[in-house]
Amino acid sequence: MHVLHHQVQDKPVEKIQPQTNNLSEAQDEHIAKGLESMVAQSETNHDVSHGIHMHGKNVLEVPWIHKMIPGIEKLAANYHIGNFVVVRESGEKIFESMPIYARIGMHLLFYGSARETVLNYRSVEHLLQEQSIKQGTIYNNPESAKSIPSFVQTYSLDITELLEPDLTKYGCFNEFFFRKLKPDARPVENLENPKGICSAADCRLTVYPTLSLACKFWIKGDEFSIPNLLQVPVDSPTAIEFDGASLAIFRLAPADYHRFHCPIDGVVGEITNVPGQYYTVNPQAVNEPKFDVFTANVRSVLYLTHSATGKRVAFVAIGALLVGSIVWTKGAEKGTEVRKGEELGYFAYGGSTVVALFPKGVVEFDQDLVKNSEEPVETLVKVGSSLGTSPA
């Protein structure tokens with residue numbers, strides 16, 4: 001898995017906190033115009049490292065962003081913007097840089113007047129929604145294919161694992177974004193073990209045996225609950241069914257392979273679509289008590305029946321800032337048998353998240369994942385990597 005990272009000894013990692021506004025020189029209007037400009041420029045500027053996928057190290061190279069967002073150059077000079085993650089294979093902890101658009105989205109939510117008018121928008125939520133839809137439209141245009149080479153270069157992507165490695169064959173940027181991999185690119189661990197459970201995505205993963213542990217270490221939103229996530233009444237049969245469930249949270253960064261796969265052997269069931277917002281799903285937003293991003297964002301819930309236990313697993317695909325859509329492929333084929341590692345669907349443009357809920361007794365997570373999650377830090381894993389097993 002390729003990630004954008006660097007050493008951080010020379011300056012601290014920025015922490016987004018209500019009491020510390022590191023962009024205090026910029027008003028809501030500046031930040032909103034900055035996001036609008038980044039999205040608009042992506043239509044004609046095909047170097048993504050100087051636009052939507054600008055990272056802190058690029059800020060000093062792009063004069064227009066300094067003028068648009070006062071103080072952004074000081075932020076980039078004084079802090080590393082992003083998060084630490086653990087590479088599963090080596091146990092090495094590395095720093096993963098965050099695109100500036102995600103930092104801007106968080107600023108509007110944390111420091112802006114979320115419910116008040118900003119620029120010509122009814123609210124910050126309206127701004128984020130409109131820009132997310134606009135970005136998806138831009139990246140569906142054939143002209144956007146010109147952005148693919150700079151995206152590959154920015155994130156050092158390995159094109160040899162792609163089913164179609166010829167970048168000129170993609171009709172638009174979005175086609176590349178939800179690219180397919182060669183069939184053998186992501187081998188599935190414990191494939192023949194019906195009790196084996198695997199990672200649903202190339203992602204940064206956290207796992208928690210109970211909701212209370214998830215809320216203690218990771219999800220700080222005051223309104224987060226399983227009924228709210230699934231959009232069901234608290235006294236409904238579904239809420240009762242998933243009471244005490246274990247959670248696996250698969251966060252996909254923009255550079256990731258964006259198709260998601262089945263974590264279990266099972267049968268495809270119903271899908272419930274839930275409208276919502278387009279907040280960033282970056283850990284600093286998930287860790288913020290004032291924002292409940294998982295239960296606020298647009299999402300689609302697929303129920304899978306686990307063959308080994310007969311219990312249902314809830315597979316929740318969650319959209320995010322600049323994500324165009326959630327598309328189900330085999331996940332839309334109700335009644336179909338599906339094996340772990342088989343594709344269920346994909347996200348169109350943007351970073352995104354899947355949350356899988358396993359009822360009591362369905363999963364015992366691998367201990368290295370549990371240990372990292374309680375630190376708490378995300379673990380870099382790939383599709384098919386072992387998540388755990390069902391207890392005997």
# chains A, B, ... in the order shown; residues from 1 in each chain; ligands from 1
>>> residues_around(residues="Ser150 (chain A)", least_positions_apart="2", cutoff="12 Å", atoms="only C-alpha atoms", output="list in words")
Ser42, Asn45, His46, Asp47, Val48, Ser49, His50, Gly51, Ile52, His53, Met54, Ser144, Ala145, Lys146, Ser147, Ile148, Val152, Gln153, Thr154, Tyr155, Ser156, Leu157, Leu167, Phe173 and Ala255 of chain A
>>> residues_around(residues="region 261-265 of chain A", least_positions_apart="5", cutoff="6 Å", atoms="only C-alpha atoms", output="list in words")
Ile197, Cys198, Ser199, Ala200, Ser307, Val338, Arg339, Lys340, Gly341, Glu342, Glu343 and Leu344 of chain A
>>> select_by_dssp(residues="region 24-252 of chain A", states="helix (DSSP H, G or I)", output="NGL selection string")
:A and (28-41 or 48-50 or 56-61 or 63-68 or 72-78 or 100-111 or 124-138 or 142-154 or 159-161 or 167-169 or 173-177 or 211-217 or 226-230 or 237-241)
>>> atom_distance(atom1="CA of Gln19 (chain A)", atom2="CA of Leu213 (chain A)")
26.1 Å
>>> residues_around(residues="region 36-41 of chain A", least_positions_apart="3", cutoff="8 Å", atoms="only C-alpha atoms", output="PyMOL selection string")
chain A and resi 32-33+44-45+51-52+101+131+134-135
>>> residues_around(residues="Arg103 (chain A)", least_positions_apart="5", cutoff="9 Å", atoms="only C-alpha atoms", output="mmCIF file with N, CA and C atoms, in the first residue's frame")
data_model
loop_
_atom_site.group_PDB
_atom_site.id
_atom_site.type_symbol
_atom_site.label_atom_id
_atom_site.label_comp_id
_atom_site.auth_asym_id
_atom_site.auth_seq_id
_atom_site.Cartn_x
_atom_site.Cartn_y
_atom_site.Cartn_z
ATOM 1 N N ILE A 81 0.565 18.106 8.833
ATOM 2 C CA ILE A 81 -0.896 17.999 8.839
ATOM 3 C C ILE A 81 -1.275 16.586 8.425
ATOM 4 N N GLY A 82 -1.772 15.815 9.374
ATOM 5 C CA GLY A 82 -2.141 14.443 9.072
ATOM 6 C C GLY A 82 -2.206 13.575 10.314
ATOM 7 N N MET A 98 -2.174 14.608 5.205
ATOM 8 C CA MET A 98 -3.581 14.835 4.858
ATOM 9 C C MET A 98 -3.692 15.863 3.729
ATOM 10 N N LEU A 108 -13.859 24.414 8.649
ATOM 11 C CA LEU A 108 -15.215 24.959 8.545
ATOM 12 C C LEU A 108 -16.139 24.363 9.600
ATOM 13 N N THR A 280 -15.794 15.401 6.267
ATOM 14 C CA THR A 280 -14.586 14.603 6.162
ATOM 15 C C THR A 280 -14.619 13.485 7.205
ATOM 16 N N ASN A 282 -11.773 12.048 8.226
ATOM 17 C CA ASN A 282 -10.441 12.003 8.801
ATOM 18 C C ASN A 282 -10.527 11.725 10.298
#
>>> closest_residue(among="A:Lys334, A:Arg312, A:Lys220, A:Lys360", to="Glu270 (chain A)", atoms="only C-alpha atoms")
A:Lys334
>>> residues_around(residues="region 364-376 of chain A", least_positions_apart="6", cutoff="9 Å", atoms="only C-alpha atoms", output="MDAnalysis selection string")
chainID A and resid 86 88 197 205:209 213:214 216:218 246 248 386:391
>>> write_last_selection(atoms="N, CA and C atoms", output="compact mmCIF listing (two decimals), in the first residue's frame")
# COMPACT_ATOMS: atom_id res chain seq x y z
N VAL A 86 -0.01 2.64 11.60
CA VAL A 86 0.93 1.54 11.78
C VAL A 86 0.87 0.63 10.55
N ARG A 88 1.00 -2.80 9.12
CA ARG A 88 0.75 -4.08 9.79
C ARG A 88 1.91 -5.05 9.66
N ILE A 197 -12.53 -14.24 8.77
CA ILE A 197 -13.10 -12.94 8.41
C ILE A 197 -11.95 -12.05 7.95
N LEU A 205 -7.33 0.82 9.44
CA LEU A 205 -8.34 0.02 10.15
C LEU A 205 -8.26 0.19 11.66
N THR A 206 -9.43 0.32 12.27
CA THR A 206 -9.55 0.19 13.73
C THR A 206 -10.65 -0.82 14.01
N VAL A 207 -10.49 -1.60 15.10
CA VAL A 207 -11.48 -2.61 15.47
C VAL A 207 -11.76 -2.51 16.97
N TYR A 208 -13.02 -2.71 17.34
CA TYR A 208 -13.40 -2.66 18.75
C TYR A 208 -14.43 -3.74 19.04
N PRO A 209 -14.15 -4.57 20.05
CA PRO A 209 -15.08 -5.66 20.40
C PRO A 209 -16.44 -5.19 20.86
N LEU A 213 -16.06 0.44 23.91
CA LEU A 213 -14.62 0.60 23.65
C LEU A 213 -14.39 1.49 22.44
N ALA A 214 -15.22 1.36 21.41
CA ALA A 214 -15.09 2.23 20.24
C ALA A 214 -15.26 3.69 20.63
N LYS A 216 -14.80 4.91 23.67
CA LYS A 216 -13.73 5.29 24.60
C LYS A 216 -12.47 5.70 23.86
N PHE A 217 -12.11 4.92 22.83
CA PHE A 217 -10.81 5.13 22.18
C PHE A 217 -10.88 5.92 20.88
N TRP A 218 -12.02 5.92 20.18
CA TRP A 218 -11.99 6.42 18.80
C TRP A 218 -13.15 7.33 18.44
N SER A 246 -19.72 -5.90 17.73
CA SER A 246 -18.33 -5.48 17.53
C SER A 246 -18.27 -4.62 16.26
N ALA A 248 -15.78 -2.87 13.14
CA ALA A 248 -14.55 -2.68 12.37
C ALA A 248 -14.74 -1.45 11.50
N SER A 386 -6.30 -10.75 7.10
CA SER A 386 -7.11 -11.30 8.18
C SER A 386 -7.60 -10.22 9.14
N LEU A 387 -8.89 -10.27 9.45
CA LEU A 387 -9.50 -9.37 10.43
C LEU A 387 -9.70 -10.11 11.75
N GLY A 388 -9.99 -11.42 11.65
CA GLY A 388 -10.25 -12.25 12.82
C GLY A 388 -10.95 -13.52 12.41
N THR A 389 -11.52 -14.21 13.37
CA THR A 389 -12.27 -15.43 13.10
C THR A 389 -13.51 -15.48 14.00
N SER A 390 -14.47 -16.29 13.60
CA SER A 390 -15.60 -16.54 14.48
C SER A 390 -15.18 -17.56 15.54
N PRO A 391 -15.52 -17.32 16.81
CA PRO A 391 -15.13 -18.28 17.87
C PRO A 391 -15.69 -19.67 17.56
>>> select_by_dssp(residues="region 181-248 of chain A", states="strand (DSSP E or B)", output="PyMOL selection string")
chain A and resi 181+196-198+203-208+246-248
